[in-house]
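Data file: data.pdb. Format and content: PDB, C-alpha atoms.
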ATOM      1  CA  MET A   1      -7.230  14.269 -12.635
ATOM      2  CA  THR A   2      -6.948  12.491  -9.278
ATOM      3  CA  ARG A   3      -9.239   9.733 -10.546
ATOM      4  CA  ILE A   4      -6.998   9.144 -13.540
ATOM      5  CA  PHE A   5      -3.995   8.804 -11.246
ATOM      6  CA  LEU A   6      -6.050   6.502  -9.019
ATOM      7  CA  ALA A   7      -6.918   4.292 -11.988
ATOM      8  CA  PHE A   8      -3.254   4.208 -13.001
ATOM      9  CA  ALA A   9      -2.203   3.366  -9.439
ATOM     10  CA  LEU A  10      -4.666   0.480  -9.269
ATOM     11  CA  THR A  11      -3.473  -0.813 -12.617
ATOM     12  CA  ALA A  12       0.160  -0.534 -11.573
ATOM     13  CA  MET A  13      -0.469  -2.305  -8.257
ATOM     14  CA  ALA A  14      -2.380  -5.091  -9.987
ATOM     15  CA  TRP A  15       0.320  -5.422 -12.626
ATOM     16  CA  VAL A  16       3.098  -5.656 -10.058
ATOM     17  CA  SER A  17       1.187  -8.189  -7.977
ATOM     18  CA  ALA A  18       0.414 -10.162 -11.125
ATOM     19  CA  ALA A  19       3.957  -9.925 -12.531
ATOM     20  CA  PRO A  20       6.292 -11.114  -9.807
ATOM     21  CA  ALA A  21       9.844 -12.267  -9.964
ATOM     22  CA  GLN A  22      12.100 -13.414  -7.208
ATOM     23  CA  ASP A  23      12.129 -10.626  -4.621
ATOM     24  CA  ILE A  24       9.570  -8.653  -6.654
ATOM     25  CA  VAL A  25       6.394  -9.724  -4.870
ATOM     26  CA  PRO A  26       6.644  -9.049  -1.148
ATOM     27  CA  ASP A  27       4.897 -11.273   1.396
ATOM     28  CA  HIS A  28       2.754  -8.268   2.355
ATOM     29  CA  ARG A  29       1.814  -4.746   1.332
ATOM     30  CA  TYR A  30       0.437  -1.713   3.141
ATOM     31  CA  VAL A  31      -2.949  -0.105   2.555
ATOM     32  CA  TYR A  32      -2.689   3.551   3.529
ATOM     33  CA  SER A  33      -5.165   6.025   5.017
ATOM     34  CA  ARG A  34      -4.376   9.741   5.141
ATOM     35  CA  ASP A  35      -5.413  11.963   8.082
ATOM     36  CA  MET A  36      -6.500   8.890  10.031
ATOM     37  CA  ASP A  37      -5.123   7.657  13.345
ATOM     38  CA  PHE A  38      -5.391   3.972  14.176
ATOM     39  CA  TYR A  39      -5.916   4.726  17.840
ATOM     40  CA  GLY A  40      -4.710   2.270  20.505
ATOM     41  CA  ALA A  41      -2.964  -1.133  20.419
ATOM     42  CA  ASP A  42       0.456   0.556  20.305
ATOM     43  CA  LEU A  43       3.626  -1.484  20.359
ATOM     44  CA  ALA A  44       6.906   0.383  21.063
ATOM     45  CA  PRO A  45       6.609   3.942  19.689
ATOM     46  CA  LEU A  46       9.457   5.581  17.776
ATOM     47  CA  PHE A  47      10.197   9.286  17.827
ATOM     48  CA  ASP A  48      12.137  11.630  15.523
ATOM     49  CA  THR A  49      11.684   9.274  12.578
ATOM     50  CA  THR A  50      10.285   9.153   9.049
ATOM     51  CA  GLN A  51       7.343   7.400   7.400
ATOM     52  CA  PRO A  52       9.582   4.930   5.495
ATOM     53  CA  ALA A  53      11.421   4.125   8.735
ATOM     54  CA  CYS A  54       8.051   3.609  10.402
ATOM     55  CA  ALA A  55       7.064   1.063   7.729
ATOM     56  CA  ASN A  56      10.455  -0.642   8.142
ATOM     57  CA  ALA A  57       9.904  -0.854  11.899
ATOM     58  CA  CYS A  58       6.554  -2.532  11.329
ATOM     59  CA  ASP A  59       8.143  -4.892   8.795
ATOM     60  CA  ALA A  60      10.733  -5.924  11.373
ATOM     61  CA  ASN A  61       8.160  -6.837  14.045
ATOM     62  CA  ASN A  62       5.970  -9.906  13.428
ATOM     63  CA  ALA A  63       3.446  -8.601  15.970
ATOM     64  CA  CYS A  64       2.942  -5.418  13.930
ATOM     65  CA  VAL A  65      -0.193  -5.439  11.768
ATOM     66  CA  ALA A  66      -0.437  -1.674  11.170
ATOM     67  CA  PHE A  67       1.138   1.636  12.058
ATOM     68  CA  THR A  68       0.314   5.306  12.389
ATOM     69  CA  TYR A  69       2.900   7.881  11.459
ATOM     70  CA  ASN A  70       2.306  11.398  12.796
ATOM     71  CA  SER A  71       3.890  13.733  10.247
ATOM     72  CA  ARG A  72       3.516  16.760  12.526
ATOM     73  CA  SER A  73       5.691  15.270  15.274
ATOM     74  CA  ASN A  74       7.659  12.682  13.238
ATOM     75  CA  ALA A  75       6.443   9.944  15.557
ATOM     76  CA  CYS A  76       5.713   6.324  14.646
ATOM     77  CA  PHE A  77       3.246   4.080  16.430
ATOM     78  CA  PRO A  78       3.429   0.442  15.309
ATOM     79  CA  LYS A  79       0.186  -1.400  16.138
ATOM     80  CA  SER A  80      -0.648  -4.921  17.273
ATOM     81  CA  ALA A  81      -4.231  -4.422  16.019
ATOM     82  CA  VAL A  82      -6.473  -1.859  14.364
ATOM     83  CA  THR A  83      -9.070  -1.258  17.054
ATOM     84  CA  ASP A  84     -10.291   2.262  16.383
ATOM     85  CA  ARG A  85     -10.001   4.750  13.516
ATOM     86  CA  THR A  86     -10.003   8.392  14.492
ATOM     87  CA  PRO A  87      -9.645  11.312  12.060
ATOM     88  CA  TYR A  88      -6.435  13.165  12.841
ATOM     89  CA  GLU A  89      -4.865  15.744  10.517
ATOM     90  CA  GLY A  90      -1.272  14.877   9.752
ATOM     91  CA  ALA A  91      -1.606  11.195  10.640
ATOM     92  CA  PHE A  92      -0.731   8.667   8.008
ATOM     93  CA  SER A  93      -1.805   5.134   8.884
ATOM     94  CA  ALA A  94      -1.298   1.831   7.115
ATOM     95  CA  GLU A  95      -2.618  -1.705   7.522
ATOM     96  CA  ARG A  96      -0.347  -4.631   6.701
ATOM     97  CA  VAL A  97      -2.086  -6.951   4.212
ATOM     98  CA  PRO A  98      -0.603 -10.374   3.406
ATOM     99  CA  THR A  99      -0.050 -11.165  -0.259
ATOM    100  CA  ASP A 100      -2.492 -13.700  -1.642
ATOM    101  CA  PRO A 101      -0.797 -17.132  -1.586
ATOM    102  CA  GLY A 102      -2.122 -17.742  -5.105
ATOM    103  CA  VAL A 103      -0.162 -14.738  -6.373
ATOM    104  CA  LEU A 104       2.983 -15.977  -4.659
ATOM    105  CA  ALA A 105       2.473 -19.471  -6.105
ATOM    106  CA  GLN A 106       2.327 -18.054  -9.658
ATOM    107  CA  GLN A 107       5.640 -16.184  -9.484
ATOM    108  CA  THR A 108       7.634 -18.540 -11.675
ATOM    109  CA  GLN A 109       5.005 -18.648 -14.424
ATOM    110  CA  ARG A 110       4.553 -14.880 -14.352
ATOM    111  CA  VAL A 111       8.295 -14.294 -14.692
ATOM    112  CA  GLU A 112       8.288 -16.554 -17.745
ATOM    113  CA  ASP A 113       5.290 -14.659 -19.190
ATOM    114  CA  LEU A 114       7.169 -11.389 -18.773
ATOM    115  CA  ASN A 115      10.526 -12.586 -20.039
ATOM    116  CA  LEU A 116      10.854  -9.427 -22.141
ATOM    117  CA  LEU A 117      11.235  -7.402 -18.934
ATOM    118  CA  GLY A 118      14.471  -7.357 -17.026
ATOM    119  CA  GLN A 119      14.880  -7.389 -13.260
ATOM    120  CA  ASP A 120      15.444  -3.609 -13.252
ATOM    121  CA  ASP A 121      12.106  -3.065 -15.026
ATOM    122  CA  LEU A 122      10.276  -5.271 -12.534
ATOM    123  CA  ASN A 123      11.962  -3.524  -9.602
ATOM    124  CA  SER A 124      11.001  -0.130 -11.056
ATOM    125  CA  ALA A 125       7.376  -1.225 -11.418
ATOM    126  CA  ARG A 126       7.304  -2.403  -7.802
ATOM    127  CA  THR A 127       8.780   0.872  -6.582
ATOM    128  CA  LEU A 128       6.239   2.844  -8.612
ATOM    129  CA  ALA A 129       3.322   0.776  -7.283
ATOM    130  CA  GLN A 130       4.519   1.265  -3.697
ATOM    131  CA  ALA A 131       4.864   5.023  -4.211
ATOM    132  CA  PHE A 132       1.345   5.219  -5.651
ATOM    133  CA  SER A 133      -0.101   3.288  -2.723
ATOM    134  CA  ILE A 134       1.263   5.954  -0.408
ATOM    135  CA  ARG A 135       0.445   8.965  -2.591
ATOM    136  CA  PHE A 136      -3.110   7.837  -3.319
ATOM    137  CA  ALA A 137      -4.252   6.523   0.045
ATOM    138  CA  VAL A 138      -7.470   4.500  -0.038
ATOM    139  CA  ASN A 139      -8.809   5.793   3.313
ATOM    140  CA  GLY A 140     -10.784   2.665   4.095
ATOM    141  CA  ARG A 141     -12.289   2.196   0.626
ATOM    142  CA  THR A 142     -12.281  -1.299  -0.812
ATOM    143  CA  ALA A 143     -10.724  -2.296  -4.125
ATOM    144  CA  GLU A 144     -14.278  -2.634  -5.458
ATOM    145  CA  ASP A 145     -15.040   0.978  -4.426
ATOM    146  CA  LEU A 146     -11.886   2.217  -6.129
ATOM    147  CA  LEU A 147     -12.565   0.289  -9.326
ATOM    148  CA  ASP A 148     -16.120   1.682  -9.424
ATOM    149  CA  ALA A 149     -14.761   5.215  -8.976
ATOM    150  CA  ALA A 150     -12.247   4.650 -11.777
ATOM    151  CA  SER A 151     -15.011   3.322 -14.061
ATOM    152  CA  GLN A 152     -17.169   6.366 -13.336
ATOM    153  CA  ALA A 153     -14.237   8.679 -13.982
ATOM    154  CA  PHE A 154     -13.903   7.226 -17.469
ATOM    155  CA  GLY A 155     -17.669   7.297 -18.094
ATOM    156  CA  GLN A 156     -18.055   3.540 -18.103
ATOM    157  CA  ASN A 157     -20.979   1.790 -16.439
ATOM    158  CA  ASN A 158     -19.216  -1.526 -16.039
ATOM    159  CA  ARG A 159     -15.684  -2.789 -15.902
TER     160      ARG A 159
END
Taking this structure as input, can you express it in the form of structure tokens?
Amino acid sequence: MTRIFLAFALTAMAWVSAAPAQDIVPDHRYVYSRDMDFYGADLAPLFDTTQPACANACDANNACVAFTYNSRSNACFPKSAVTDRTPYEGAFSAERVPTDPGVLAQQTQRVEDLNLLGQDDLNSARTLAQAFSIRFAVNGRTAEDLLDAASQAFGQNNR
């Protein structure tokens, strides 16, 4: 069942990144790892906070390339680099990944291709893709690894 959700999440993320509209495709996204601490390279830590606030703090700091949110203590540790990965139960870490410039350059054409969808539909798809990226953390696996796992889950030898 998890693999089916994973396949759906990958499809949704690809669809959103391939179907931008103004303010639909962000300049970056986060790739999440569950129960993993990106140890070291801390910027200014935040305490008594939430995971969404932690992501917002990283968004607001150009020096931030990742963060670790400790769900057990509600603490946020924005990072200037990812130097070490250490398993840590309750940690939720994310790397900031810039959006491919080619995807950003195609926004106008993609909006025209999807003219049957309204802005609310596109916003909903983006929100869903972001929620899936958090719920189904990749834990260091590449997109290729995830696509292979999805193919195997559906009994297909190739994509």
Open item on the list: Rounded to one decimal, what separation in Å do you get between CA of Thr108 in chain A and CA of Asn123 in chain A?
Closed with: 15.8 Å
TODO: Measure the distance from CA of Ala44 in chain A to CA of Ala60 in chain A in Å and round it to one decimal.
DONE: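 Separation of CA of Ala44 in chain A and CA of Ala60 in chain A: 12.2 Å.
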TODO: Taking the file as shown, find all residues satisfying the PyMOL selection byres ((chain A and resi 50) around 12) and write them as JSON, numbers by chain.
DONE: {"A": [46, 47, 48, 49, 51, 52, 53, 54, 55, 56, 57, 68, 69, 70, 71, 72, 73, 74, 75, 76, 77, 92]}
- [ ] Find the distance between CA of Ala94 in chain A and CA of Gly40 in chain A and write it in Å to one decimal.
- [x]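 Computing it gives 13.8 Å between the two atoms.
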Task: Selected residue, from A:Tyr30, A:Phe67, A:Val25, A:Asp148, that lies nearest to Leu43 in chain A when counting all atoms listed in the file - done: A:Phe67
- [ ] Using the chain letters and numbers from the file, give me the residues hit by the PyMOL selection byres ((chain A and resi 86) around 9), as a list in words.
- [x] Asp35, Met36, Asp37, Phe38, Tyr39, Asp84, Arg85, Pro87 and Tyr88 of chain A
- [ ] Apply the PyMOL selection byres ((chain A and resi 99) around 8) to the structure shown and report the selected residues as a PyMOL selection string.
- [x] chain A and resi 26-29+97-98+100-101+103-104
Create the file for the chosen residues now, containing C-alpha atoms and written as a CSV table (one decimal), in the frame of the given file.
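The result, written out as out_4.csv:
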chain,number,residue,atom,x,y,z
A,26,PRO,CA,6.6,-9.0,-1.1
A,27,ASP,CA,4.9,-11.3,1.4
A,28,HIS,CA,2.8,-8.3,2.4
A,29,ARG,CA,1.8,-4.7,1.3
A,97,VAL,CA,-2.1,-7.0,4.2
A,98,PRO,CA,-0.6,-10.4,3.4
A,100,ASP,CA,-2.5,-13.7,-1.6
A,101,PRO,CA,-0.8,-17.1,-1.6
A,103,VAL,CA,-0.2,-14.7,-6.4
A,104,LEU,CA,3.0,-16.0,-4.7
